[in-house]
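Below you'll find the structure, written out as structure tokens, and then a few comments.
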Amino acid sequence: MANIFGLEAPLSKMAISNAHGEDSPYFAGWKAYNEDPYDAKKNPSGVIQMGLAENQVSFDLLENYLEEHPEAYSWSSGPSSFRENALFQDYHGLQSFRKAIAGFMEKIRSHRAKFDPERIVLTAGATAANELLTFILADPGDALLVPTPYYPGFDRDLQWRTRVSIVPIPCHSTNSFQLTLQSLETAYADAEASNLRVKALLITNPSNPLGISSPRTLLEDILDFISKKNIHLISDEIYSGSVFDATDFVSIAEIAEERSHISSEKIHIVYSLSKDLGLPGFRVGALYSYNDRVVKTARRMSSFSLVSSQTQKTLSFMLSDEEFSLKFIETNRMRLKERHSCVVKELRDSGIECLKGNAGLFCWVNLGEFLEKKNREEELKLWKVILDEVKLNISPGSSCHCSEAGWFRVCFANMSKETLEVALRRLREFSEKIRGRRRSPNGEICT
Amino acid sequence: MGFGESEEQLLSKVATNGGHGENSSYFDGWKAYDRDPYHPIQNPEGVIQMGLAENLLCHDLIEEWIRKNPAASICTEEGVSQFSAVANFQDYHGLPIFRQGVAKFMEKGRGGRVRFDPERIVMSGGATGAQETLAFCLADPGDAFLIPVPYYPAFDRDFCWRTRARLLPIHCDSSNNFNITTSALEAAYHQAQKSNIRVKGILISNPSNPLGTTMSKQTLQILLRFVNEKRIHLICDEIFSGTVFKSPRFVSLSEIVEADPTIDRDLIHVVYSLSKDLGLPGFRVGVIYSYNNAVVACARKMSSFGLVSSQTQYLLGCMLGDEEFTSEYLVENARRLAERHGVFTAGLARVGIRCLEGNGGLFCWMDLRALLKEETVEGELELWRVIVNEVKLNVSPGSSFHCAEPGWFRVCFANMDEETTERALRRIRVFVNGEGEEVKMMKTKKKKKNGWDEELRLSLPRRFEEDLVLTPRLMSPHSPLVRATI
């Protein structure tokens with residue numbers, strides 16, 4: 001693109017490419033929402049945002065805590081002084097904060113695994129943690145295996161500046177989109193055949209967008225696989241606190257401990273407070289690695305994305321409060337479970353089926369029957385209709401690289417109950433309208 | 001507990017090369033300080049940290065503002081109504097009050113002579129993140145930016161580590177106060193071309209770290225003409241712009257660019273941060289201000305990897321929006337820096353130590369060439385070891401800044417109180433006047449066969465890796481940064 005001088009300003013190839021991934025409908029929907037956002041009073045016919053996996057159900061707990069504990073954010077003297085806090089740029093992070101996060105992660109897993117605060121590396125969000133790990137584990141041109149469907153942001157986080165490729169492992173509705181050892185082996189073999197060097201497998205547990213946690217047997221198979229192939233495992237457990245029943249969640253950390261840490265030097269866990277605490281703006285990510293060298297290198301690399309010391313101090317205080325953090329985890333879980341059940345039921349009553357989920361801030365919904373043909377074009381057409389006419393921004397499965405058309409991710413925790421009811425009502429009306437259109441003259445529904 | 005053997009082949013090249021830069025002598029002094037840190041009461045004979053360019057002179061002003069404006073914190077009773085909205089806000093455009101506050105503050109720091117558009121303000125993980133992001137946007141792997149020496153050591157990491165870009169030196173020396181000349185610029189450029197290296201731009205710092213001087217309008221114009229002619233980029237790191245305390249006044253790149261329509265603005269990019277001017281390095285506020293729309297768009301997308309905490313954006317947005325406060329702050333900051341600089345350079349002058357005539361920054365560029373046993377990097381490092389281990393001052397040797405001439409040292413003066421400043425000056429006086437003891441010893445000691453005097457405790461630049469991992473416990477070397485106190 002030439003400027004007023006009639007010349008092109010020479011940028012890097014990276015800057016010109018669209019590997020940032022923002023041309024996906026995943027992000028286009030957000031733009032539509034931004035242009036016409038729903039507001040109960042001011043814009044009741046606006047777009048309701050159901051494409052953002054945020055957790056807004058538990059802010060009151062945080063606000064109440066702060067109101068009762070001004071020490072969390074006020075600066076006194078000595079080591080807790082403003083000056084010390086403002087100057088603190090050590091990439092080890094506040095020790096009290098790392099300790100608090102380790103403790104929080106342990107509580108979420110009901111103490112079935114132990115986390116050493118010295119192995120926690122803080123980063124500005126899980127976005128930075130995933131990119132950082134990729135830089136450390138893979139060279140440009142190498143590949144990461146990632147089961148589909150997956151979080152659209154991975155395309156940018158894992159591939160863009162690292163120049164590493166994602167090799168998708170397609171998963172199917174026939175077994176609830178579960179990753180299998182078979183599909184893992186096949187994807188790995190295919191990558192090798194294409195001369196791609198696979199350096200790691202990345203799983204999200206619980207899964208975004210599926211809303212299901214990985215079963216124990218799968219995790220065991222995965223550990224066997226990565227040991228055999230001598231590749232790394234990244235387990236993104238950012239939604240671990242949103243598993244509705246605590247006993248359902250099995251973390252890779254538990255399996256690693258059970259196996260006395262054979263092969264643990266290949267295991268790395270990504271966490272964040274964006275989903276479980278509902279604080280995406282605070283940019284708190286964490287990388288937990290059992291590999292000394294990775295911890296050390298990650299720590300150095302975190303210089304590019306450290307967590308604000310102001311935020312570290314506030315949250316350290318809050319999460320070090322054992323009673324509060326335990327209560328928060330339990331209450332948050334319960335509220336999410338309630339919301340989820342309500343949404344699933346409402347959708348079912350509208351004739352819409354969800355994948356049976358046990359976690360997350362969203363449902364994985366099957367709208368396949370609304371498609372003329374089960375392909376990507378039709379899916380995107382449907383998405384557009386739902387965005388423009390039903391005024392709901394939900395995320396089409398193709399933006400998550402789903403191998404089957406017709407699935408959509410519908411978020412339910414990023415709005416008030418009232419707004420959710422409005423959204424569900426709109427969906428029900430839409431569903432009835434489509435079915436009504438399809439009724440044959442004698443009143444039966446056409447297939 | 002450590003796990004398994006460290007299998008090098010399992011990690012990437014970026015992870016295993018030395019690109020993190022921590023093997024530099026720049027950090028060795030910090031380690032010496034870490035081992036034996038000065039404390040006025042608990043350890044008055046410890047090493048005084050003069051190798052950290054931090055600004056501790058005005059925290060009281062900021063603290064007072066925060067106390068008087070509780071609503072700026074989303075955690076207080078007065079501000080908690082904003083908590084959920086702010087905590088939820090992760091838009092990489094940043095909070096409008098934050099962008100507006102930063103733009104206004106940058107304008108004030110330039111005496112209102114320049115306009116900054118809040119829409120062009122892009123966040124980054126400190127200036128560290130800003131430099132890396134710009135390198136990703138402007139350079140392909142193997143491409144080079146020219147940079148005048150001496151320069152801030154961490155640029156090697158920030159600009160080159162993960163990006164695989166390169167920095168090539170533009171020769172500057174004391175013959176003309178380390179100013180950039182056209183001939184040096186041309187020489188560096190042609191040298192690169194001869195080596196088949198593609199030059200994509202020039203990286204400068206103004207005010208300069210470590211020189212503590214601002215660039216003249218003429219020099220900036222030379223640079224602008226050069227980049228315009230060669231169609232390469234110019235990145236100006238203005239992180240110390242608010243610390244100019246003496247004339248000549250600060251002339252920012254933007255001032256010249258705004259006044260000259262023949263300059264192609266698509267080539268111009270400014271890096272800023274609140275770490276030095278406001279003394280808030282922990283808050284990680286980096287800013288990229290580019291006049292190139294495509295770079296703004298790209299850098300903004302990349303900022304996802306290093307956004308500023310919305311809690312911090314909110315606090316600083318409110319504070320920087322208080323124009324009465326920021327005006328007073330900038331004036332008082334300059335005044336305190338001038339005073340401290342004056343005391344320090346006078347103290348040095350009293351014992352015959354000259355500094356480059358500085359007018360900005362948080363440090364002096366000290367000329368100790370007369371004390372060198374030999375005019376080599378080894379000679380400089382030997383003197384440096386004496387200063388760290390015997391005089392107990394951590395100063396930074398010029399070679400760690402890639403200085404072309406041995407014997408120059410950067411010494412920071414704004415990261416301590418008055419009493420410590422006095423103490424540091426006293427130690428220097430004793431060292432120089434007792435030219436008697438320490439320095440005589442240095443000059444007459446015979447070289448051992450390997451060139452090093454084994455009686456001096458060495459802290460040679462040592463690879464971190466040697467300290468690592470054959471121990472069962474995770475060894476976490478101290479970050480060469482402020483020690484955790486909490």
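Following the order of the structure tokens, chains are lettered A, B, ..., residues in each are numbered from 1, and ligands are numbered from 1.
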- Task: Dump as JSON, numbers by chain the residues of chain A that approach chain B to within 7 Å, counting only C-alpha atoms.
- Result: {"A": [9, 11, 12, 13, 14, 15, 59, 63, 66, 67, 70, 73, 79, 82, 83, 85, 86, 87, 88, 89, 90, 91, 92, 94, 95, 96, 124, 127, 128, 135, 136, 137, 138, 139, 261, 263, 264, 265, 278, 279, 280, 281, 282, 283, 290, 291, 292, 293, 296, 297, 300, 304, 305, 306, 308, 309, 310, 311]}
- Item | Shell of 10 Å around Glu258 (chain A), only C-alpha atoms, local chain residues under 4 positions omitted, as a count of residues only | 6
Mind the document's chain letters and residue numbers, and return as a tab-separated table (two decimals) with N, CA and C atoms, in the first residue's frame the residues of region 100-335 of chain A that DSSP labels alpha helix (DSSP H).
chain	number	residue	atom	x	y	z
A	100	ALA	N	0.60	-17.95	46.28
A	100	ALA	CA	-0.87	-17.89	46.29
A	100	ALA	C	-1.44	-18.61	45.08
A	101	ILE	N	-0.82	-18.42	43.92
A	101	ILE	CA	-1.32	-19.09	42.72
A	101	ILE	C	-1.14	-20.60	42.84
A	102	ALA	N	0.00	-21.02	43.34
A	102	ALA	CA	0.23	-22.45	43.52
A	102	ALA	C	-0.84	-23.04	44.43
A	103	GLY	N	-1.13	-22.32	45.51
A	103	GLY	CA	-2.15	-22.78	46.44
A	103	GLY	C	-3.52	-22.82	45.79
A	104	PHE	N	-3.82	-21.83	44.97
A	104	PHE	CA	-5.10	-21.76	44.29
A	104	PHE	C	-5.26	-22.94	43.34
A	105	MET	N	-4.20	-23.23	42.61
A	105	MET	CA	-4.24	-24.36	41.67
A	105	MET	C	-4.43	-25.67	42.42
A	106	GLU	N	-3.82	-25.77	43.59
A	106	GLU	CA	-3.97	-26.99	44.38
A	106	GLU	C	-5.40	-27.14	44.87
A	107	LYS	N	-5.97	-26.04	45.31
A	107	LYS	CA	-7.36	-26.10	45.81
A	107	LYS	C	-8.31	-26.53	44.71
A	108	ILE	N	-8.11	-25.99	43.53
A	108	ILE	CA	-8.98	-26.34	42.41
A	108	ILE	C	-8.93	-27.83	42.13
A	125	GLY	N	-0.98	-12.88	30.92
A	125	GLY	CA	-2.05	-13.66	30.32
A	125	GLY	C	-1.57	-15.00	29.79
A	126	ALA	N	-2.52	-15.91	29.58
A	126	ALA	CA	-2.18	-17.23	29.03
A	126	ALA	C	-1.74	-17.08	27.58
A	127	THR	N	-2.22	-16.02	26.93
A	127	THR	CA	-1.81	-15.70	25.56
A	127	THR	C	-0.29	-15.68	25.48
A	128	ALA	N	0.33	-14.93	26.38
A	128	ALA	CA	1.79	-14.83	26.40
A	128	ALA	C	2.42	-16.16	26.80
A	129	ALA	N	1.81	-16.87	27.74
A	129	ALA	CA	2.39	-18.14	28.22
A	129	ALA	C	2.44	-19.17	27.09
A	130	ASN	N	1.37	-19.27	26.32
A	130	ASN	CA	1.36	-20.24	25.23
A	130	ASN	C	2.38	-19.89	24.15
A	131	GLU	N	2.50	-18.61	23.84
A	131	GLU	CA	3.47	-18.20	22.83
A	131	GLU	C	4.90	-18.45	23.32
A	132	LEU	N	5.11	-18.12	24.58
A	132	LEU	CA	6.43	-18.27	25.18
A	132	LEU	C	6.86	-19.74	25.16
A	133	LEU	N	5.97	-20.62	25.55
A	133	LEU	CA	6.28	-22.05	25.56
A	133	LEU	C	6.62	-22.52	24.16
A	134	THR	N	5.86	-22.03	23.18
A	134	THR	CA	6.12	-22.44	21.81
A	134	THR	C	7.51	-21.98	21.36
A	135	PHE	N	7.87	-20.75	21.71
A	135	PHE	CA	9.21	-20.25	21.37
A	135	PHE	C	10.30	-21.14	21.98
A	136	ILE	N	10.03	-21.65	23.18
A	136	ILE	CA	11.04	-22.42	23.90
A	136	ILE	C	11.13	-23.86	23.40
A	137	LEU	N	9.99	-24.41	23.00
A	137	LEU	CA	9.99	-25.84	22.67
A	137	LEU	C	10.18	-26.12	21.18
A	154	PHE	N	-5.46	-19.68	19.30
A	154	PHE	CA	-4.23	-20.48	19.20
A	154	PHE	C	-3.51	-20.26	17.88
A	181	LEU	N	-6.16	-42.09	21.09
A	181	LEU	CA	-4.77	-42.44	20.84
A	181	LEU	C	-4.56	-42.67	19.34
A	182	GLN	N	-5.56	-43.29	18.75
A	182	GLN	CA	-5.52	-43.58	17.32
A	182	GLN	C	-5.34	-42.32	16.49
A	183	SER	N	-6.19	-41.32	16.77
A	183	SER	CA	-6.12	-40.11	15.96
A	183	SER	C	-4.80	-39.36	16.22
A	184	LEU	N	-4.31	-39.49	17.42
A	184	LEU	CA	-3.04	-38.88	17.78
A	184	LEU	C	-1.92	-39.52	16.96
A	185	GLU	N	-1.90	-40.84	16.95
A	185	GLU	CA	-0.88	-41.57	16.20
A	185	GLU	C	-0.93	-41.22	14.71
A	186	THR	N	-2.15	-41.20	14.18
A	186	THR	CA	-2.32	-40.90	12.75
A	186	THR	C	-1.82	-39.50	12.43
A	187	ALA	N	-2.21	-38.53	13.23
A	187	ALA	CA	-1.79	-37.14	12.97
A	187	ALA	C	-0.28	-37.01	13.05
A	188	TYR	N	0.31	-37.70	14.01
A	188	TYR	CA	1.76	-37.63	14.17
A	188	TYR	C	2.45	-38.24	12.94
A	189	ALA	N	1.94	-39.39	12.51
A	189	ALA	CA	2.52	-40.08	11.35
A	189	ALA	C	2.38	-39.22	10.09
A	190	ASP	N	1.22	-38.61	9.93
A	190	ASP	CA	0.99	-37.74	8.77
A	190	ASP	C	1.96	-36.57	8.77
A	191	ALA	N	2.17	-36.00	9.94
A	191	ALA	CA	3.09	-34.86	10.04
A	191	ALA	C	4.50	-35.29	9.64
A	192	GLU	N	4.88	-36.42	10.16
A	192	GLU	CA	6.23	-36.93	9.83
A	192	GLU	C	6.37	-37.16	8.34
A	193	ALA	N	5.32	-37.73	7.76
A	193	ALA	CA	5.35	-38.01	6.32
A	193	ALA	C	5.48	-36.72	5.51
A	216	ARG	N	-9.37	-39.58	32.54
A	216	ARG	CA	-8.09	-40.08	33.06
A	216	ARG	C	-7.38	-41.00	32.07
A	217	THR	N	-8.11	-41.92	31.49
A	217	THR	CA	-7.48	-42.88	30.59
A	217	THR	C	-6.83	-42.18	29.40
A	218	LEU	N	-7.48	-41.15	28.90
A	218	LEU	CA	-6.92	-40.41	27.78
A	218	LEU	C	-5.61	-39.75	28.20
A	219	LEU	N	-5.60	-39.13	29.37
A	219	LEU	CA	-4.39	-38.46	29.83
A	219	LEU	C	-3.25	-39.46	29.99
A	220	GLU	N	-3.59	-40.63	30.46
A	220	GLU	CA	-2.55	-41.66	30.61
A	220	GLU	C	-2.01	-42.07	29.24
A	221	ASP	N	-2.92	-42.25	28.30
A	221	ASP	CA	-2.48	-42.59	26.94
A	221	ASP	C	-1.59	-41.50	26.37
A	222	ILE	N	-2.00	-40.27	26.61
A	222	ILE	CA	-1.22	-39.14	26.10
A	222	ILE	C	0.18	-39.14	26.69
A	223	LEU	N	0.28	-39.37	27.98
A	223	LEU	CA	1.60	-39.39	28.61
A	223	LEU	C	2.48	-40.49	28.03
A	224	ASP	N	1.86	-41.63	27.80
A	224	ASP	CA	2.63	-42.73	27.19
A	224	ASP	C	3.11	-42.32	25.81
A	225	PHE	N	2.21	-41.69	25.08
A	225	PHE	CA	2.52	-41.29	23.70
A	225	PHE	C	3.68	-40.31	23.64
A	226	ILE	N	3.61	-39.26	24.45
A	226	ILE	CA	4.66	-38.24	24.35
A	226	ILE	C	6.00	-38.78	24.84
A	227	SER	N	5.95	-39.71	25.77
A	227	SER	CA	7.22	-40.31	26.22
A	227	SER	C	7.83	-41.11	25.09
A	228	LYS	N	6.96	-41.88	24.45
A	228	LYS	CA	7.44	-42.74	23.37
A	228	LYS	C	8.03	-41.91	22.23
A	229	LYS	N	7.31	-40.86	21.88
A	229	LYS	CA	7.74	-40.05	20.74
A	229	LYS	C	8.75	-38.98	21.14
A	252	ILE	N	-3.28	-33.16	34.39
A	252	ILE	CA	-2.07	-33.91	34.01
A	252	ILE	C	-1.09	-33.95	35.19
A	253	ALA	N	-1.19	-32.94	36.08
A	253	ALA	CA	-0.30	-32.89	37.24
A	253	ALA	C	-0.50	-34.12	38.13
A	254	GLU	N	-1.76	-34.54	38.22
A	254	GLU	CA	-2.05	-35.71	39.07
A	254	GLU	C	-1.40	-36.96	38.50
A	255	ILE	N	-1.57	-37.14	37.19
A	255	ILE	CA	-1.00	-38.33	36.55
A	255	ILE	C	0.53	-38.31	36.67
A	256	ALA	N	1.09	-37.13	36.47
A	256	ALA	CA	2.55	-37.00	36.57
A	256	ALA	C	3.03	-37.43	37.95
A	257	GLU	N	2.31	-36.99	38.97
A	257	GLU	CA	2.70	-37.37	40.34
A	257	GLU	C	2.55	-38.86	40.57
A	258	GLU	N	1.44	-39.40	40.05
A	258	GLU	CA	1.22	-40.85	40.24
A	258	GLU	C	2.35	-41.67	39.62
A	292	ASP	N	13.45	-27.88	34.57
A	292	ASP	CA	14.24	-26.77	35.11
A	292	ASP	C	14.65	-25.78	34.06
A	293	ARG	N	15.11	-26.29	32.94
A	293	ARG	CA	15.62	-25.41	31.90
A	293	ARG	C	14.51	-24.57	31.29
A	294	VAL	N	13.37	-25.20	31.15
A	294	VAL	CA	12.23	-24.47	30.61
A	294	VAL	C	11.82	-23.36	31.58
A	295	VAL	N	11.80	-23.68	32.85
A	295	VAL	CA	11.43	-22.66	33.85
A	295	VAL	C	12.39	-21.48	33.75
A	296	LYS	N	13.66	-21.79	33.71
A	296	LYS	CA	14.66	-20.72	33.69
A	296	LYS	C	14.56	-19.86	32.44
A	297	THR	N	14.44	-20.55	31.30
A	297	THR	CA	14.35	-19.81	30.04
A	297	THR	C	13.06	-19.01	29.97
A	298	ALA	N	11.97	-19.63	30.42
A	298	ALA	CA	10.67	-18.96	30.39
A	298	ALA	C	10.70	-17.72	31.26
A	299	ARG	N	11.35	-17.84	32.37
A	299	ARG	CA	11.44	-16.70	33.28
A	299	ARG	C	12.15	-15.54	32.60
A	300	ARG	N	13.23	-15.83	31.94
A	300	ARG	CA	13.97	-14.77	31.24
A	300	ARG	C	13.12	-14.18	30.13
A	301	MET	N	12.43	-15.03	29.44
A	301	MET	CA	11.63	-14.59	28.30
A	301	MET	C	10.40	-13.83	28.77
A	309	SER	N	3.16	-5.17	38.85
A	309	SER	CA	3.40	-5.44	40.27
A	309	SER	C	2.23	-4.97	41.12
A	310	GLN	N	1.52	-3.96	40.64
A	310	GLN	CA	0.35	-3.47	41.37
A	310	GLN	C	-0.69	-4.59	41.46
A	311	THR	N	-0.90	-5.25	40.33
A	311	THR	CA	-1.87	-6.33	40.26
A	311	THR	C	-1.39	-7.55	41.03
A	312	GLN	N	-0.11	-7.84	40.96
A	312	GLN	CA	0.43	-8.98	41.71
A	312	GLN	C	0.14	-8.80	43.19
A	313	LYS	N	0.35	-7.59	43.67
A	313	LYS	CA	0.18	-7.33	45.10
A	313	LYS	C	-1.28	-7.53	45.51
A	314	THR	N	-2.19	-6.92	44.75
A	314	THR	CA	-3.62	-7.01	45.09
A	314	THR	C	-4.08	-8.46	45.11
A	315	LEU	N	-3.75	-9.19	44.06
A	315	LEU	CA	-4.25	-10.56	43.95
A	315	LEU	C	-3.55	-11.51	44.91
A	316	SER	N	-2.28	-11.22	45.18
A	316	SER	CA	-1.55	-12.06	46.12
A	316	SER	C	-2.24	-12.05	47.46
A	317	PHE	N	-2.65	-10.87	47.86
A	317	PHE	CA	-3.31	-10.73	49.14
A	317	PHE	C	-4.61	-11.54	49.15
A	318	MET	N	-5.37	-11.34	48.10
A	318	MET	CA	-6.67	-11.99	48.00
A	318	MET	C	-6.55	-13.50	47.97
A	319	LEU	N	-5.68	-14.01	47.15
A	319	LEU	CA	-5.59	-15.46	46.98
A	319	LEU	C	-4.85	-16.14	48.13
A	320	SER	N	-4.12	-15.37	48.91
A	320	SER	CA	-3.45	-15.96	50.07
A	320	SER	C	-4.44	-16.17	51.20
A	322	GLU	N	-6.89	-18.06	52.56
A	322	GLU	CA	-7.31	-19.45	52.31
A	322	GLU	C	-8.83	-19.60	52.34
A	323	GLU	N	-9.43	-18.99	53.36
A	323	GLU	CA	-10.87	-19.13	53.50
A	323	GLU	C	-11.58	-18.53	52.29
A	324	PHE	N	-11.15	-17.34	51.93
A	324	PHE	CA	-11.78	-16.66	50.82
A	324	PHE	C	-11.61	-17.45	49.52
A	325	SER	N	-10.41	-17.87	49.23
A	325	SER	CA	-10.19	-18.51	47.93
A	325	SER	C	-10.94	-19.84	47.82
A	326	LEU	N	-11.01	-20.56	48.92
A	326	LEU	CA	-11.75	-21.82	48.88
A	326	LEU	C	-13.23	-21.55	48.64
A	327	LYS	N	-13.76	-20.59	49.36
A	327	LYS	CA	-15.17	-20.24	49.23
A	327	LYS	C	-15.45	-19.74	47.82
A	328	PHE	N	-14.52	-18.96	47.29
A	328	PHE	CA	-14.72	-18.44	45.94
A	328	PHE	C	-14.81	-19.58	44.93
A	329	ILE	N	-13.86	-20.49	45.02
A	329	ILE	CA	-13.83	-21.61	44.07
A	329	ILE	C	-15.13	-22.39	44.10
A	330	GLU	N	-15.60	-22.67	45.31
A	330	GLU	CA	-16.83	-23.46	45.45
A	330	GLU	C	-18.06	-22.72	44.94
A	331	THR	N	-18.16	-21.44	45.33
A	331	THR	CA	-19.33	-20.67	44.93
A	331	THR	C	-19.36	-20.46	43.42
A	332	ASN	N	-18.20	-20.13	42.88
A	332	ASN	CA	-18.07	-19.89	41.45
A	332	ASN	C	-18.48	-21.13	40.66
A	333	ARG	N	-17.99	-22.25	41.10
A	333	ARG	CA	-18.30	-23.52	40.46
A	333	ARG	C	-19.80	-23.77	40.43
A	334	MET	N	-20.39	-23.55	41.59
A	334	MET	CA	-21.82	-23.81	41.76
A	334	MET	C	-22.63	-22.90	40.85
A	335	ARG	N	-22.27	-21.64	40.78
A	335	ARG	CA	-23.02	-20.69	39.96
A	335	ARG	C	-22.90	-21.04	38.48
- Selection near Ser176 (chain A), 9 Å with only C-alpha atoms, sequence-local residues under 2 positions removed, as JSON, numbers by chain: {"A": [171, 172, 173, 174, 178, 179, 210, 355, 356]}
- Message: I'd like to know which residues of region 283-386 of chain B are strand (DSSP E or B) (by DSSP, run on the backbone); could you write them as a PyMOL selection string?
- Response: chain B and resi 285-290+354-355+363-367
- Message: With only C-alpha atoms as the counted atoms, please give the residues lying no more than 8 Å from region 406-417 of chain B, apart from itself and same-chain residues fewer than 6 positions off, as an NGL selection string.
- Response: :B and (50-57 or 210-211 or 337 or 340-341 or 344 or 362-372 or 375-377 or 379-380 or 395-399)
- Pick out the residues sitting within 10 Å of Gly46 (chain A), and hand them over as a PyMOL selection string; count only C-alpha atoms, and ignore anything fewer than 3 positions along from it in its own chain. chain A and resi 32-40+42-43+49+388+390-392
Same residues, N, CA, C and O atoms, saved as a compact mmCIF listing (two decimals), in the first residue's frame:
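out_17.txt, written as the output of this step:
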# COMPACT_ATOMS: atom_id res chain seq x y z
N ALA A 32 -19.22 -6.83 15.08
CA ALA A 32 -20.66 -6.56 14.90
C ALA A 32 -21.28 -6.20 16.24
O ALA A 32 -22.11 -5.30 16.34
N TYR A 33 -20.86 -6.89 17.28
CA TYR A 33 -21.37 -6.59 18.61
C TYR A 33 -20.96 -5.19 19.02
O TYR A 33 -21.77 -4.40 19.53
N ASN A 34 -19.69 -4.85 18.79
CA ASN A 34 -19.21 -3.53 19.19
C ASN A 34 -19.98 -2.41 18.51
O ASN A 34 -20.14 -1.33 19.07
N GLU A 35 -20.44 -2.71 17.31
CA GLU A 35 -21.16 -1.65 16.57
C GLU A 35 -22.61 -1.50 17.00
O GLU A 35 -23.22 -0.47 16.79
N ASP A 36 -23.14 -2.56 17.61
CA ASP A 36 -24.56 -2.54 17.97
C ASP A 36 -24.80 -3.35 19.24
O ASP A 36 -25.51 -4.36 19.22
N PRO A 37 -24.20 -2.94 20.35
CA PRO A 37 -24.25 -3.79 21.54
C PRO A 37 -25.59 -3.73 22.27
O PRO A 37 -26.18 -2.65 22.42
N TYR A 38 -26.04 -4.86 22.72
CA TYR A 38 -27.30 -4.94 23.46
C TYR A 38 -27.18 -4.19 24.79
O TYR A 38 -26.19 -4.25 25.48
N ASP A 39 -28.26 -3.47 25.09
CA ASP A 39 -28.39 -2.88 26.42
C ASP A 39 -29.87 -2.95 26.76
O ASP A 39 -30.71 -2.51 25.98
N ALA A 40 -30.18 -3.50 27.93
CA ALA A 40 -31.59 -3.76 28.28
C ALA A 40 -32.45 -2.52 28.10
O ALA A 40 -33.59 -2.61 27.63
N LYS A 42 -31.13 0.87 26.85
CA LYS A 42 -30.79 1.78 25.76
C LYS A 42 -30.83 1.14 24.38
O LYS A 42 -30.98 1.82 23.37
N ASN A 43 -30.64 -0.16 24.31
CA ASN A 43 -30.60 -0.80 22.99
C ASN A 43 -31.07 -2.25 23.09
O ASN A 43 -30.31 -3.19 22.87
N GLN A 49 -23.80 -10.47 23.03
CA GLN A 49 -22.48 -11.08 22.87
C GLN A 49 -22.45 -12.46 23.52
O GLN A 49 -22.47 -12.58 24.74
N ASP A 388 -27.09 -11.28 12.23
CA ASP A 388 -27.79 -10.11 11.68
C ASP A 388 -29.28 -10.08 12.01
O ASP A 388 -29.85 -9.01 12.18
N VAL A 390 -31.11 -12.64 14.26
CA VAL A 390 -31.44 -13.02 15.63
C VAL A 390 -30.69 -12.13 16.62
O VAL A 390 -31.04 -12.03 17.80
N LYS A 391 -29.65 -11.44 16.10
CA LYS A 391 -28.86 -10.53 16.92
C LYS A 391 -28.18 -11.25 18.09
O LYS A 391 -28.21 -10.82 19.25
N LEU A 392 -27.59 -12.37 17.76
CA LEU A 392 -26.77 -13.08 18.75
C LEU A 392 -25.42 -13.35 18.10
O LEU A 392 -25.36 -13.86 16.98
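The coordinates place CA of Ser24 (chain B) at 8.0 Å from CA of Pro153 (chain B).
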Residues near Ser235 (chain A), cut-off 6 Å, only C-alpha atoms, skip fewer than 2 positions along chain, as a tab-separated table (two decimals) with all heavy atoms, in the first residue's frame:
chain	number	residue	atom	x	y	z
A	202	LEU	N	-0.43	-30.06	22.24
A	202	LEU	CA	-1.08	-29.11	23.14
A	202	LEU	C	-2.53	-29.52	23.32
A	202	LEU	O	-3.27	-29.67	22.34
A	202	LEU	CB	-1.00	-27.67	22.58
A	202	LEU	CG	-1.55	-26.59	23.52
A	202	LEU	CD1	-0.78	-25.29	23.35
A	202	LEU	CD2	-3.02	-26.32	23.31
A	203	ILE	N	-2.94	-29.74	24.55
A	203	ILE	CA	-4.35	-30.03	24.83
A	203	ILE	C	-4.91	-28.95	25.74
A	203	ILE	O	-4.16	-28.32	26.50
A	203	ILE	CB	-4.55	-31.41	25.49
A	203	ILE	CG1	-3.81	-31.47	26.84
A	203	ILE	CG2	-4.11	-32.53	24.57
A	203	ILE	CD1	-4.15	-32.71	27.66
A	204	THR	N	-6.21	-28.73	25.66
A	204	THR	CA	-6.86	-27.80	26.56
A	204	THR	C	-7.80	-28.62	27.44
A	204	THR	O	-8.69	-29.30	26.94
A	204	THR	CB	-7.68	-26.75	25.77
A	204	THR	OG1	-6.83	-26.16	24.79
A	204	THR	CG2	-8.17	-25.64	26.69
A	237	GLU	N	-4.74	-25.49	31.18
A	237	GLU	CA	-5.79	-25.80	32.16
A	237	GLU	C	-6.46	-24.52	32.66
A	237	GLU	O	-6.87	-24.41	33.83
A	237	GLU	CB	-5.19	-26.66	33.30
A	237	GLU	CG	-4.60	-27.96	32.74
A	237	GLU	CD	-4.19	-29.00	33.79
A	237	GLU	OE1	-4.19	-28.69	35.00
A	237	GLU	OE2	-3.88	-30.14	33.38
A	269	ILE	N	2.31	-26.89	32.13
A	269	ILE	CA	0.91	-26.53	32.33
A	269	ILE	C	0.75	-25.02	32.20
A	269	ILE	O	1.57	-24.26	32.72
A	269	ILE	CB	0.43	-26.98	33.72
A	269	ILE	CG1	0.53	-28.51	33.81
A	269	ILE	CG2	-1.00	-26.53	33.99
A	269	ILE	CD1	0.24	-29.06	35.19
